[in-house]
>>> print(open('my_file_15.csv').read())   # CSV, C-alpha atoms and all ligand atoms
chain,number,residue,atom,x,y,z
A,1,MET,CA,70.2,-51.5,-37.0
A,2,LYS,CA,67.0,-51.0,-38.9
A,3,GLN,CA,64.5,-53.8,-38.4
A,4,THR,CA,63.1,-55.6,-41.4
A,5,LEU,CA,59.7,-57.2,-42.0
A,6,LEU,CA,59.6,-59.5,-44.9
A,7,LEU,CA,56.2,-59.6,-46.6
A,8,LEU,CA,55.3,-62.8,-48.5
A,9,PRO,CA,51.8,-62.0,-49.9
A,10,GLY,CA,51.4,-65.4,-51.7
A,11,ASP,CA,48.2,-66.3,-53.5
A,12,GLY,CA,44.5,-65.5,-53.8
A,13,ILE,CA,43.4,-62.9,-51.2
A,14,GLY,CA,47.0,-63.0,-49.7
A,15,PRO,CA,48.1,-59.9,-51.6
A,16,GLU,CA,44.9,-58.1,-50.8
A,17,VAL,CA,45.1,-58.6,-47.1
A,18,THR,CA,48.9,-58.2,-46.8
A,19,GLY,CA,48.5,-54.9,-48.8
A,20,ALA,CA,46.1,-53.8,-46.0
A,21,ALA,CA,48.6,-54.8,-43.3
A,22,ARG,CA,51.3,-53.0,-45.1
A,23,ARG,CA,49.4,-49.7,-45.0
A,24,ILE,CA,49.0,-50.1,-41.2
A,25,ALA,CA,52.7,-51.0,-40.8
A,26,ASP,CA,53.7,-47.8,-42.7
A,27,LEU,CA,51.7,-45.8,-40.1
A,28,VAL,CA,52.5,-47.5,-36.8
A,29,ALA,CA,56.1,-48.5,-37.5
A,30,PRO,CA,57.4,-46.3,-40.3
A,31,ASP,CA,61.0,-47.0,-39.4
A,32,VAL,CA,60.7,-50.8,-40.0
A,33,ALA,CA,62.0,-51.6,-43.5
A,34,LEU,CA,59.4,-53.5,-45.5
A,35,GLU,CA,60.6,-56.0,-48.1
A,36,GLU,CA,58.6,-58.3,-50.3
A,37,GLY,CA,59.2,-61.8,-51.7
A,38,LEU,CA,57.4,-64.7,-53.4
A,39,VAL,CA,55.8,-67.8,-51.8
A,40,GLY,CA,53.3,-70.4,-52.9
A,41,GLY,CA,51.8,-70.5,-56.3
A,42,ALA,CA,53.1,-67.1,-57.1
A,43,ALA,CA,56.7,-68.3,-56.5
A,44,LEU,CA,56.0,-71.5,-58.4
A,45,ASP,CA,54.9,-69.6,-61.4
A,46,ALA,CA,57.8,-67.1,-61.3
A,47,GLU,CA,60.7,-69.2,-60.0
A,48,GLY,CA,59.6,-72.9,-60.5
A,49,THR,CA,59.5,-73.6,-56.8
A,50,PRO,CA,57.0,-72.6,-54.0
A,51,LEU,CA,59.8,-71.3,-51.8
A,52,SER,CA,63.3,-70.6,-53.2
A,53,ASP,CA,66.5,-71.0,-51.2
A,54,GLU,CA,67.0,-67.2,-51.7
A,55,THR,CA,63.6,-66.3,-50.2
A,56,LEU,CA,64.2,-68.7,-47.2
A,57,GLN,CA,67.6,-67.0,-46.7
A,58,ARG,CA,65.9,-63.6,-46.8
A,59,ALA,CA,63.4,-64.8,-44.2
A,60,HIS,CA,66.2,-66.0,-41.9
A,61,LYS,CA,67.9,-62.5,-42.2
A,62,SER,CA,64.7,-60.5,-41.5
A,63,ASP,CA,63.3,-59.7,-38.0
A,64,ALA,CA,59.9,-61.1,-38.8
A,65,VAL,CA,58.0,-62.5,-41.8
A,66,LEU,CA,54.3,-61.7,-42.5
A,67,LEU,CA,52.7,-64.1,-44.9
A,68,GLY,CA,49.3,-63.8,-46.6
A,69,ALA,CA,48.1,-67.2,-47.8
A,70,VAL,CA,49.1,-69.8,-50.3
A,71,GLY,CA,47.3,-72.2,-52.6
A,72,GLY,CA,44.4,-72.3,-55.0
A,73,PRO,CA,42.7,-74.2,-57.8
A,74,LYS,CA,45.2,-73.0,-60.4
A,75,TRP,CA,47.8,-75.3,-58.9
A,76,ALA,CA,45.5,-78.3,-58.1
A,77,THR,CA,47.2,-80.6,-60.6
A,78,VAL,CA,50.9,-79.6,-60.1
A,79,ASP,CA,53.4,-82.2,-58.9
A,80,ARG,CA,52.7,-82.6,-55.1
A,81,ALA,CA,56.3,-81.9,-54.3
A,82,VAL,CA,55.9,-78.4,-55.5
A,83,ARG,CA,52.4,-77.6,-54.4
A,84,PRO,CA,52.0,-74.0,-53.1
A,85,GLU,CA,51.4,-75.4,-49.6
A,86,MET,CA,54.8,-77.0,-49.7
A,87,GLY,CA,56.3,-73.6,-49.8
A,88,LEU,CA,54.6,-72.7,-46.5
A,89,LEU,CA,55.6,-76.0,-44.9
A,90,ARG,CA,59.2,-75.5,-46.0
A,91,LEU,CA,59.3,-72.0,-44.6
A,92,ARG,CA,57.9,-73.2,-41.2
A,93,LYS,CA,60.4,-76.1,-41.1
A,94,GLY,CA,63.3,-74.0,-42.5
A,95,LEU,CA,62.8,-71.3,-39.8
A,96,ASP,CA,62.1,-74.0,-37.2
A,97,VAL,CA,59.2,-72.0,-35.9
A,98,PHE,CA,57.7,-74.9,-33.9
A,99,ALA,CA,55.2,-73.1,-31.7
A,100,ASN,CA,52.2,-71.7,-33.5
A,101,LEU,CA,50.1,-69.4,-31.3
A,102,ARG,CA,46.5,-69.0,-32.5
A,103,PRO,CA,44.6,-66.7,-30.2
A,104,ALA,CA,40.8,-66.7,-30.5
A,105,TYR,CA,39.2,-63.7,-28.8
A,106,CYS,CA,35.8,-62.4,-29.5
A,107,PHE,CA,35.8,-58.6,-29.9
A,108,GLU,CA,32.9,-57.2,-28.0
A,109,ALA,CA,31.4,-55.7,-31.2
A,110,LEU,CA,31.3,-59.1,-32.9
A,111,VAL,CA,29.6,-61.0,-30.1
A,112,ASP,CA,26.5,-61.3,-32.3
A,113,SER,CA,28.4,-62.2,-35.5
A,114,SER,CA,29.4,-65.6,-34.0
A,115,SER,CA,27.5,-68.7,-35.0
A,116,LEU,CA,27.1,-69.4,-31.3
A,117,LYS,CA,24.8,-67.7,-28.8
A,118,ARG,CA,26.0,-64.4,-27.2
A,119,ASP,CA,26.5,-65.9,-23.7
A,120,ARG,CA,28.8,-68.6,-25.1
A,121,VAL,CA,31.3,-66.3,-26.7
A,122,GLU,CA,31.0,-63.0,-24.9
A,123,GLY,CA,34.5,-62.3,-23.4
A,124,LEU,CA,36.0,-65.4,-25.0
A,125,ASP,CA,39.8,-65.3,-25.0
A,126,LEU,CA,41.6,-68.5,-25.6
A,127,MET,CA,45.0,-69.4,-27.0
A,128,ILE,CA,45.7,-72.5,-29.1
A,129,VAL,CA,49.4,-73.5,-29.0
A,130,ARG,CA,49.8,-75.8,-32.0
A,131,GLU,CA,53.0,-77.7,-32.6
A,132,LEU,CA,54.0,-76.7,-36.2
A,133,THR,CA,57.1,-78.5,-37.5
A,134,SER,CA,56.5,-82.2,-36.8
A,135,GLY,CA,53.8,-84.8,-36.4
A,136,VAL,CA,51.8,-86.2,-39.3
A,137,TYR,CA,52.7,-83.2,-41.5
A,138,PHE,CA,56.3,-84.2,-41.7
A,139,GLY,CA,56.5,-87.9,-40.5
A,140,GLU,CA,58.1,-90.6,-42.6
A,141,PRO,CA,57.3,-92.9,-44.2
A,142,ARG,CA,54.5,-91.3,-46.2
A,143,GLY,CA,53.4,-91.9,-49.8
A,144,ILE,CA,51.0,-93.5,-52.2
A,145,ASP,CA,52.0,-96.9,-53.6
A,146,THR,CA,51.0,-100.5,-54.0
A,147,ASP,CA,51.5,-103.0,-51.2
A,148,GLU,CA,52.9,-106.6,-51.6
A,149,ASN,CA,49.4,-107.8,-52.4
A,150,GLY,CA,49.0,-105.4,-55.2
A,151,VAL,CA,46.6,-103.2,-53.3
A,152,ARG,CA,47.0,-99.4,-53.8
A,153,ARG,CA,47.3,-97.4,-50.6
A,154,GLY,CA,48.1,-93.9,-49.2
A,155,TYR,CA,49.7,-93.4,-45.8
A,156,ASP,CA,51.3,-90.8,-43.5
A,157,THR,CA,53.1,-91.3,-40.2
A,158,SER,CA,52.2,-89.4,-37.0
A,159,VAL,CA,55.5,-89.3,-35.0
A,160,TYR,CA,56.7,-87.0,-32.2
A,161,THR,CA,60.1,-87.2,-30.3
A,162,ALA,CA,60.3,-86.2,-26.7
A,163,PRO,CA,62.3,-83.0,-27.4
A,164,GLU,CA,59.7,-81.9,-29.9
A,165,ILE,CA,56.9,-82.3,-27.3
A,166,GLU,CA,59.0,-80.7,-24.6
A,167,ARG,CA,59.8,-77.5,-26.4
A,168,VAL,CA,56.3,-76.7,-27.5
A,169,THR,CA,54.9,-77.7,-24.0
A,170,ARG,CA,57.4,-75.3,-22.4
A,171,VAL,CA,56.0,-72.5,-24.7
A,172,ALA,CA,52.4,-73.4,-23.7
A,173,PHE,CA,53.3,-73.3,-20.0
A,174,ALA,CA,55.1,-70.0,-20.4
A,175,ILE,CA,52.1,-68.5,-22.3
A,176,ALA,CA,49.7,-69.8,-19.6
A,177,ARG,CA,51.8,-68.2,-16.8
A,178,GLY,CA,51.1,-64.9,-18.4
A,179,ARG,CA,47.3,-65.7,-18.4
A,180,SER,CA,45.3,-67.8,-16.0
A,181,GLY,CA,47.8,-70.7,-15.7
A,182,ARG,CA,45.4,-73.3,-17.1
A,183,VAL,CA,46.6,-75.6,-19.9
A,184,CYS,CA,44.5,-78.2,-21.6
A,185,SER,CA,46.6,-80.7,-23.6
A,186,VAL,CA,44.8,-82.4,-26.4
A,187,GLU,CA,45.5,-85.7,-28.3
A,188,LYS,CA,43.9,-89.1,-29.1
A,189,SER,CA,45.8,-91.1,-26.4
A,190,ASN,CA,42.9,-93.6,-26.5
A,191,VAL,CA,43.8,-94.8,-30.0
A,192,MET,CA,47.1,-93.4,-31.1
A,193,GLU,CA,50.6,-94.4,-29.8
A,194,SER,CA,51.9,-90.9,-30.6
A,195,GLY,CA,48.9,-89.5,-28.6
A,196,HIS,CA,49.6,-91.7,-25.7
A,197,PHE,CA,53.3,-90.7,-25.7
A,198,TRP,CA,52.3,-87.0,-26.0
A,199,ARG,CA,50.1,-87.3,-22.8
A,200,GLN,CA,52.9,-89.1,-20.9
A,201,GLU,CA,55.5,-86.5,-21.9
A,202,VAL,CA,53.3,-83.5,-21.1
A,203,THR,CA,52.4,-85.0,-17.7
A,204,ALA,CA,56.1,-85.7,-16.9
A,205,LEU,CA,57.1,-82.1,-17.9
A,206,HIS,CA,54.3,-80.7,-15.7
A,207,GLU,CA,55.6,-82.7,-12.8
A,208,ILE,CA,59.2,-81.4,-13.1
A,209,GLY,CA,58.6,-77.9,-14.4
A,210,GLY,CA,54.9,-77.0,-14.2
A,211,GLU,CA,54.9,-74.6,-11.2
A,212,GLY,CA,51.8,-72.4,-11.4
A,213,ILE,CA,50.2,-74.5,-14.1
A,214,GLU,CA,47.0,-76.3,-13.8
A,215,LEU,CA,47.2,-79.0,-16.4
A,216,THR,CA,44.3,-81.0,-17.8
A,217,HIS,CA,44.0,-83.5,-20.7
A,218,MET,CA,41.2,-83.9,-23.2
A,219,LEU,CA,40.7,-86.2,-26.2
A,220,ALA,CA,40.7,-84.2,-29.4
A,221,ASP,CA,37.2,-85.2,-30.5
A,222,ALA,CA,35.8,-84.2,-27.1
A,223,CYS,CA,37.7,-80.9,-27.3
A,224,ALA,CA,36.1,-80.2,-30.7
A,225,MET,CA,32.7,-80.7,-29.0
A,226,GLU,CA,33.5,-78.7,-25.9
A,227,LEU,CA,34.8,-75.8,-28.0
A,228,VAL,CA,31.2,-75.2,-29.3
A,229,ARG,CA,29.5,-76.3,-26.1
A,230,GLN,CA,31.3,-74.2,-23.5
A,231,PRO,CA,34.3,-72.5,-25.2
A,232,LYS,CA,35.1,-70.2,-22.2
A,233,GLN,CA,36.2,-73.2,-20.1
A,234,PHE,CA,39.5,-73.1,-22.0
A,235,ASP,CA,42.4,-70.8,-21.6
A,236,VAL,CA,45.5,-72.4,-23.3
A,237,ILE,CA,44.9,-75.4,-25.5
A,238,LEU,CA,48.1,-77.3,-26.4
A,239,ALA,CA,47.8,-79.6,-29.5
A,240,ASP,CA,49.9,-81.3,-32.0
A,241,ASN,CA,50.2,-80.1,-35.6
A,242,LEU,CA,47.0,-81.8,-37.1
A,243,PHE,CA,44.6,-81.4,-34.2
A,244,GLY,CA,45.8,-77.8,-33.7
A,245,ASP,CA,45.0,-77.1,-37.3
A,246,LEU,CA,41.5,-78.4,-37.0
A,247,LEU,CA,40.7,-76.9,-33.7
A,248,SER,CA,41.9,-73.4,-34.7
A,249,ASP,CA,39.6,-73.3,-37.7
A,250,GLU,CA,36.8,-74.3,-35.3
A,251,ALA,CA,37.8,-71.7,-32.8
A,252,ALA,CA,38.0,-69.0,-35.5
A,253,MET,CA,34.2,-69.3,-36.1
A,254,LEU,CA,33.6,-68.6,-32.4
A,255,THR,CA,35.1,-65.1,-33.0
A,256,GLY,CA,32.7,-64.2,-35.8
A,257,SER,CA,34.7,-65.2,-38.9
A,258,ILE,CA,37.8,-67.0,-40.0
A,259,GLY,CA,38.8,-63.6,-41.5
A,260,MET,CA,39.5,-62.4,-37.9
A,261,LEU,CA,42.0,-64.9,-36.7
A,262,PRO,CA,45.8,-64.2,-36.7
A,263,SER,CA,48.7,-66.4,-35.8
A,264,ALA,CA,52.3,-66.2,-34.7
A,265,SER,CA,54.8,-69.0,-35.2
A,266,LEU,CA,57.8,-68.8,-33.0
A,267,GLY,CA,61.1,-70.7,-32.7
A,268,ALA,CA,64.1,-70.5,-30.5
A,269,GLU,CA,65.4,-67.1,-29.1
A,270,GLY,CA,66.6,-65.0,-32.0
A,271,VAL,CA,64.8,-66.8,-34.8
A,272,PRO,CA,62.5,-64.5,-36.8
A,273,GLY,CA,58.8,-65.2,-36.1
A,274,LEU,CA,56.4,-66.1,-38.9
A,275,PHE,CA,53.1,-64.3,-38.8
A,276,GLU,CA,50.1,-65.3,-40.9
A,277,PRO,CA,46.3,-65.3,-40.9
A,278,VAL,CA,44.7,-68.6,-40.0
A,279,HIS,CA,42.6,-68.4,-43.1
A,280,GLY,CA,43.7,-69.5,-46.6
A,281,SER,CA,43.8,-67.9,-50.0
A,282,ALA,CA,39.9,-67.9,-50.3
A,283,PRO,CA,39.8,-68.6,-54.0
A,284,ASP,CA,36.0,-68.1,-54.0
A,285,ILE,CA,36.4,-64.4,-53.2
A,286,ALA,CA,40.0,-63.7,-54.5
A,287,GLY,CA,40.3,-60.6,-56.7
A,288,LYS,CA,36.9,-59.3,-55.7
A,289,GLY,CA,38.2,-56.8,-53.2
A,290,TYR,CA,36.1,-57.7,-50.2
A,291,ALA,CA,38.3,-60.1,-48.2
A,292,ASN,CA,38.4,-59.2,-44.5
A,293,PRO,CA,41.9,-57.7,-43.8
A,294,CYS,CA,41.6,-58.1,-40.0
A,295,ALA,CA,43.4,-61.4,-39.6
A,296,ALA,CA,46.3,-60.1,-41.6
A,297,ILE,CA,46.3,-56.8,-39.7
A,298,LEU,CA,46.1,-58.6,-36.4
A,299,SER,CA,49.0,-60.9,-37.6
A,300,LEU,CA,51.0,-57.7,-38.0
A,301,GLU,CA,49.9,-56.8,-34.5
A,302,MET,CA,51.4,-60.1,-33.3
A,303,ALA,CA,54.6,-59.4,-35.2
A,304,LEU,CA,55.0,-56.0,-33.6
A,305,ARG,CA,54.5,-57.6,-30.2
A,306,TRP,CA,56.3,-60.9,-30.4
A,307,SER,CA,59.2,-60.3,-32.8
A,308,LEU,CA,59.7,-56.6,-33.2
A,309,ALA,CA,59.4,-55.7,-29.5
A,310,ARG,CA,57.0,-52.8,-30.2
A,311,PRO,CA,54.2,-53.4,-27.7
A,312,ASP,CA,53.0,-49.8,-28.0
A,313,ALA,CA,52.5,-50.0,-31.7
A,314,ALA,CA,50.9,-53.4,-31.3
A,315,ASP,CA,48.4,-51.9,-28.7
A,316,ARG,CA,47.6,-49.1,-31.1
A,317,VAL,CA,46.7,-51.6,-33.9
A,318,MET,CA,44.6,-53.8,-31.5
A,319,HIS,CA,42.7,-50.7,-30.2
A,320,ALA,CA,42.1,-49.4,-33.7
A,321,VAL,CA,40.7,-52.7,-34.9
A,322,ALA,CA,38.4,-53.0,-31.8
A,323,HIS,CA,37.3,-49.4,-32.2
A,324,ALA,CA,36.6,-49.7,-36.0
A,325,LEU,CA,34.5,-52.8,-35.3
A,326,LYS,CA,32.7,-50.9,-32.5
A,327,GLU,CA,31.8,-48.2,-34.9
A,328,GLY,CA,30.2,-50.7,-37.1
A,329,ALA,CA,32.9,-51.4,-39.7
A,330,ARG,CA,32.2,-54.7,-41.3
A,331,THR,CA,33.3,-56.7,-44.3
A,332,ARG,CA,30.8,-59.1,-45.9
A,333,ASP,CA,32.0,-62.2,-43.9
A,334,LEU,CA,30.9,-60.2,-40.8
A,335,GLY,CA,27.6,-59.3,-42.2
A,336,GLY,CA,28.6,-55.9,-43.6
A,337,GLU,CA,29.2,-54.4,-47.0
A,338,MET,CA,32.7,-52.8,-46.7
A,339,SER,CA,35.4,-53.7,-49.2
A,340,THR,CA,38.9,-54.6,-48.0
A,341,THR,CA,40.0,-51.0,-48.7
A,342,GLU,CA,37.1,-49.4,-46.8
A,343,MET,CA,37.6,-51.7,-43.8
A,344,THR,CA,41.3,-50.8,-43.8
A,345,ASP,CA,40.5,-47.1,-44.1
A,346,ALA,CA,38.1,-47.4,-41.1
A,347,ILE,CA,40.9,-49.0,-39.0
A,348,ILE,CA,43.4,-46.3,-40.1
A,349,ASP,CA,40.9,-43.6,-39.1
A,350,CYS,CA,40.9,-45.1,-35.6
A,351,LEU,CA,44.6,-45.2,-35.3
A,401,LIG,P1,40.0,-70.7,-46.9
A,401,LIG,O1,40.4,-70.2,-45.5
A,401,LIG,O2,40.9,-70.1,-47.9
A,401,LIG,O3,38.5,-70.3,-47.2
A,401,LIG,C1,37.4,-70.9,-46.4
A,401,LIG,C2,36.2,-70.0,-46.5
A,401,LIG,O4,36.4,-68.8,-45.7
A,401,LIG,C3,35.9,-69.4,-47.9
A,401,LIG,O5,34.5,-69.4,-48.1
A,401,LIG,C4,36.5,-68.1,-47.9
A,401,LIG,O6,35.9,-67.1,-48.8
A,401,LIG,C5,36.4,-67.6,-46.5
A,401,LIG,N1,37.4,-66.7,-46.0
A,401,LIG,C6,38.7,-67.1,-45.7
A,401,LIG,N2,39.4,-66.0,-45.4
A,401,LIG,C7,38.6,-64.9,-45.5
A,401,LIG,C8,38.7,-63.5,-45.3
A,401,LIG,N3,39.9,-63.0,-44.9
A,401,LIG,N4,37.7,-62.7,-45.5
A,401,LIG,C9,36.5,-63.2,-45.9
A,401,LIG,N5,36.3,-64.6,-46.1
A,401,LIG,C10,37.3,-65.4,-45.9
A,401,LIG,O7,40.1,-72.2,-46.9
A,401,LIG,P2,40.0,-73.3,-48.1
A,401,LIG,O8,39.0,-72.8,-49.1
A,401,LIG,O9,39.8,-74.6,-47.5
A,401,LIG,O10,41.4,-73.3,-48.8
A,401,LIG,C11,41.7,-72.5,-50.0
A,401,LIG,C12,43.2,-72.7,-50.3
A,401,LIG,O11,44.0,-72.0,-49.2
A,401,LIG,C13,43.7,-74.1,-50.3
A,401,LIG,O12,44.7,-74.2,-51.3
A,401,LIG,C14,44.4,-74.3,-48.9
A,401,LIG,O13,45.5,-75.2,-49.0
A,401,LIG,C15,44.9,-72.9,-48.7
A,401,LIG,N6,45.2,-72.6,-47.3
A,401,LIG,C16,46.3,-71.8,-47.0
A,401,LIG,C17,46.5,-71.4,-45.8
A,401,LIG,C18,47.7,-70.6,-45.5
A,401,LIG,O14,48.3,-70.1,-46.5
A,401,LIG,N7,48.1,-70.3,-44.3
A,401,LIG,C19,45.6,-71.7,-44.7
A,401,LIG,C20,44.5,-72.4,-45.0
A,401,LIG,C21,44.2,-72.9,-46.3
A,402,LIG,C1,47.0,-73.5,-41.8
A,402,LIG,C2,46.8,-74.2,-43.2
A,402,LIG,C3,48.1,-74.9,-43.5
A,402,LIG,C4,48.2,-76.1,-42.5
A,402,LIG,C5,48.2,-75.5,-44.9
A,402,LIG,C6,47.8,-74.5,-46.0
A,402,LIG,C7,49.5,-76.1,-45.2
A,402,LIG,O1,45.7,-74.9,-43.2
A,402,LIG,O2,48.0,-72.7,-41.7
A,402,LIG,O3,46.1,-73.6,-41.0
A,402,LIG,O4,47.6,-77.1,-42.6
A,402,LIG,O5,49.0,-75.9,-41.6
A,403,MN,MN,44.5,-74.7,-41.4
>>> encode(input="my_file_15.csv", output="structure tokens")
Amino acid sequence: MKQTLLLLPGDGIGPEVTGAARRIADLVAPDVALEEGLVGGAALDAEGTPLSDETLQRAHKSDAVLLGAVGGPKWATVDRAVRPEMGLLRLRKGLDVFANLRPAYCFEALVDSSSLKRDRVEGLDLMIVRELTSGVYFGEPRGIDTDENGVRRGYDTSVYTAPEIERVTRVAFAIARGRSGRVCSVEKSNVMESGHFWRQEVTALHEIGGEGIELTHMLADACAMELVRQPKQFDVILADNLFGDLLSDEAAMLTGSIGMLPSASLGAEGVPGLFEPVHGSAPDIAGKGYANPCAAILSLEMALRWSLARPDAADRVMHAVAHALKEGARTRDLGGEMSTTEMTDAIIDCL
């Protein structure tokens, strides 16, 4: 059966960078059927909802989903229940892709593009495993209301069940076994009950099924500091939904630009993976044609590797990006002048 990749370009620079990834997919995996759908503000405008049931069904039926980005100032005042971001959260939850892999590696050619000194980032290669379908993003109760004393308040709930921690920890251990075996689990066990529980559960899982894993724990604030002090001390970082979100944006800057960082969100065996750049819709540069397409192209690389079982095609994409960078191809965020199209052309030349 023919494999299908569902493209959900979304908003802002989303269509620009997924358009670039599409050109690469046509070349390295021409037999994969590419389909397109709507998500985020684009879906809200056209269908009245940021993710329709039909699009979610199509995602379930495809082999992988490649998403651009959602959100933007155009939808700043819409009802919160239908904000573009809700489409993305519904897609993650609907597919139950609970393990979000966010690799941060520094291409040799970009060592001097990082905001950190060369010796801190040269050879950097770490993997953040972020829990993606629970925690404070989804916990109940949540809301904005007035308490019994008539005081207005806004609140969220950070909650994790043991099975939710267990399944993402198992993924982190499995990933680490294919690397150096080191996992650093991150939370705020010093102040949060859910953080204390997280540390207890991860420790217990390590005791019963952590063969070959060297497990350490770090408070999330200290981890944020260590990531810019000595980032190469980390191999796999395991974090909850919120801390994983923050730390992955920080890790992105170590690699030169947020326009470089891809991600893969994986669920149980047989569930299509969701692949997306870590960056957002970049409203400040949307439509100008100079967004960096690398994060989207490298997200395609992850889709080829993790969901479509095409490691050779994935390797080709990875080498082409590295080679193009080595030859000096740079978009503006990397200090160059290339447009999205020119950068993509340069990568295609290297394929
Ligand atoms: P952002 O990542 O969109 O932009 C942050 C900065 O990085 C901007 O200056 C932007 O120009 C730059 N940037 C981002 N991607 C780039 C690229 N590929 N090439 C060059 N420069 C790039 O974050 P933000 O401004 O905080 O958020 C904008 C909107 O995107 C919000 O609505 C937010 O909710 C949404 N968002 C969506 C996703 C997603 O869809 N996965 C992720 C993050 C933010
Ligand atoms: C990300 C984004 C999303 C998140 C938003 C847009 C819902 O910041 O993918 O990192 O917070 O998970
Ligand atoms: Mn984020």
>>> closest_atom_pairs(input="my_file_15.csv", of="chain A", to="ligand LIG 401 (chain A)", cutoff="9 Å", atoms="all atoms listed in the file", output="tab-separated table")
residue	atom	partner	partner_atom	distance
A:Gly10	CA	A:LIG401	O14	7.7
A:Asp11	CA	A:LIG401	O14	8.0
A:Gly12	CA	A:LIG401	O11	8.0
A:Ile13	CA	A:LIG401	N3	7.2
A:Gly14	CA	A:LIG401	O14	7.9
A:Val17	CA	A:LIG401	N3	7.2
A:Gly40	CA	A:LIG401	O14	8.1
A:Leu67	CA	A:LIG401	O14	7.6
A:Gly68	CA	A:LIG401	O14	6.4
A:Ala69	CA	A:LIG401	O14	3.2
A:Val70	CA	A:LIG401	O14	3.9
A:Gly71	CA	A:LIG401	O12	3.5
A:Gly72	CA	A:LIG401	O12	4.2
A:Pro73	CA	A:LIG401	O12	6.8
A:Trp75	CA	A:LIG401	O12	8.3
A:Ala76	CA	A:LIG401	O12	8.0
A:Arg83	CA	A:LIG401	O12	9.0
A:Pro84	CA	A:LIG401	O12	7.5
A:Glu85	CA	A:LIG401	O13	5.9
A:Leu88	CA	A:LIG401	O14	6.8
A:Asp249	CA	A:LIG401	O1	8.4
A:Ser257	CA	A:LIG401	N5	7.4
A:Ile258	CA	A:LIG401	N2	5.7
A:Gly259	CA	A:LIG401	N3	3.6
A:Met260	CA	A:LIG401	N3	7.0
A:Leu261	CA	A:LIG401	N3	8.7
A:Glu276	CA	A:LIG401	N7	6.4
A:Pro277	CA	A:LIG401	N7	6.3
A:Val278	CA	A:LIG401	C19	5.7
A:His279	CA	A:LIG401	O1	3.7
A:Gly280	CA	A:LIG401	O2	3.1
A:Ser281	CA	A:LIG401	O11	4.2
A:Ala282	CA	A:LIG401	O2	3.4
A:Pro283	CA	A:LIG401	C11	5.9
A:Asp284	CA	A:LIG401	O6	5.3
A:Ile285	CA	A:LIG401	O6	5.2
A:Ala286	CA	A:LIG401	O6	7.8
A:Tyr290	CA	A:LIG401	C9	7.0
A:Ala291	CA	A:LIG401	N4	3.8
A:Asn292	CA	A:LIG401	N4	3.7
A:Pro293	CA	A:LIG401	N3	5.8
A:Cys294	CA	A:LIG401	N3	7.1
A:Ala295	CA	A:LIG401	N3	6.5
A:Ala296	CA	A:LIG401	N3	7.8
A:Thr331	CA	A:LIG401	C9	7.4
A:Arg332	CA	A:LIG401	C9	7.0
A:Asp333	CA	A:LIG401	C9	5.0
A:Leu334	CA	A:LIG401	C9	8.1
A:Thr340	CA	A:LIG401	N4	8.6
>>> atom_distance(input="my_file_15.csv", atom1="atom CA of A:Ser185", atom2="atom CA of A:His206")
11.0 Å
>>> atom_distance(input="my_file_15.csv", atom1="atom CA of A:Ser307", atom2="atom CA of A:Val97")
12.1 Å
>>> closest_residue(input="my_file_15.csv", among="A:Met302, A:Lys288, A:Pro311, A:Phe107", to="A:Glu16", atoms="only C-alpha atoms")
A:Lys288
>>> closest_residue(input="my_file_15.csv", among="A:Ala104, A:Val159, A:Val129, A:Met338", to="A:Gly244", atoms="only C-alpha atoms")
A:Val129
>>> atom_distance(input="my_file_15.csv", atom1="atom CA of A:Phe234", atom2="atom CA of A:Val65")
29.1 Å
>>> residues_around(input="my_file_15.csv", residues="A:Glu342", least_positions_apart="4", cutoff="10 Å", atoms="only C-alpha atoms", output="list in words")
Gly289, Tyr290, Ala329, Arg330, Thr331, Glu337, Met338, Ala346, Ile347 and Ile348 of chain A
>>> residues_near_point(input="my_file_15.csv", point="(57.0, -50.4, -37.0)", cutoff="9 Å", atoms="all atoms listed in the file", output="PDB file with C-alpha atoms, in the frame of the given file")
ATOM      1  CA  GLN A   3      64.500 -53.800 -38.400  1.00  0.00           C
ATOM      2  CA  LEU A   5      59.700 -57.200 -42.000  1.00  0.00           C
ATOM      3  CA  ALA A  25      52.700 -51.000 -40.800  1.00  0.00           C
ATOM      4  CA  ASP A  26      53.700 -47.800 -42.700  1.00  0.00           C
ATOM      5  CA  LEU A  27      51.700 -45.800 -40.100  1.00  0.00           C
ATOM      6  CA  VAL A  28      52.500 -47.500 -36.800  1.00  0.00           C
ATOM      7  CA  ALA A  29      56.100 -48.500 -37.500  1.00  0.00           C
ATOM      8  CA  PRO A  30      57.400 -46.300 -40.300  1.00  0.00           C
ATOM      9  CA  ASP A  31      61.000 -47.000 -39.400  1.00  0.00           C
ATOM     10  CA  VAL A  32      60.700 -50.800 -40.000  1.00  0.00           C
ATOM     11  CA  ALA A  33      62.000 -51.600 -43.500  1.00  0.00           C
ATOM     12  CA  LEU A 304      55.000 -56.000 -33.600  1.00  0.00           C
ATOM     13  CA  LEU A 308      59.700 -56.600 -33.200  1.00  0.00           C
ATOM     14  CA  ARG A 310      57.000 -52.800 -30.200  1.00  0.00           C
ATOM     15  CA  ALA A 313      52.500 -50.000 -31.700  1.00  0.00           C
ATOM     16  CA  ALA A 314      50.900 -53.400 -31.300  1.00  0.00           C
TER      17      ALA A 314
END
>>> closest_residue(input="my_file_15.csv", among="A:Gly267, A:Arg142, A:Arg152, A:Ala252", to="A:Glu164", atoms="all atoms listed in the file")
A:Gly267
>>> residues_around(input="my_file_15.csv", residues="A:Gly178", least_positions_apart="4", cutoff="12 Å", atoms="all atoms listed in the file", output="short mmCIF file (atom, residue, chain, number, x, y, z; two decimals) with C-alpha atoms, in the frame of the given file")
data_model
loop_
_atom_site.label_atom_id
_atom_site.label_comp_id
_atom_site.auth_asym_id
_atom_site.auth_seq_id
_atom_site.Cartn_x
_atom_site.Cartn_y
_atom_site.Cartn_z
CA MET A 127 45.00 -69.40 -27.00
CA VAL A 171 56.00 -72.50 -24.70
CA ALA A 172 52.40 -73.40 -23.70
CA PHE A 173 53.30 -73.30 -20.00
CA ALA A 174 55.10 -70.00 -20.40
CA ARG A 182 45.40 -73.30 -17.10
CA VAL A 183 46.60 -75.60 -19.90
CA GLY A 212 51.80 -72.40 -11.40
CA ILE A 213 50.20 -74.50 -14.10
CA ASP A 235 42.40 -70.80 -21.60
CA VAL A 236 45.50 -72.40 -23.30
#
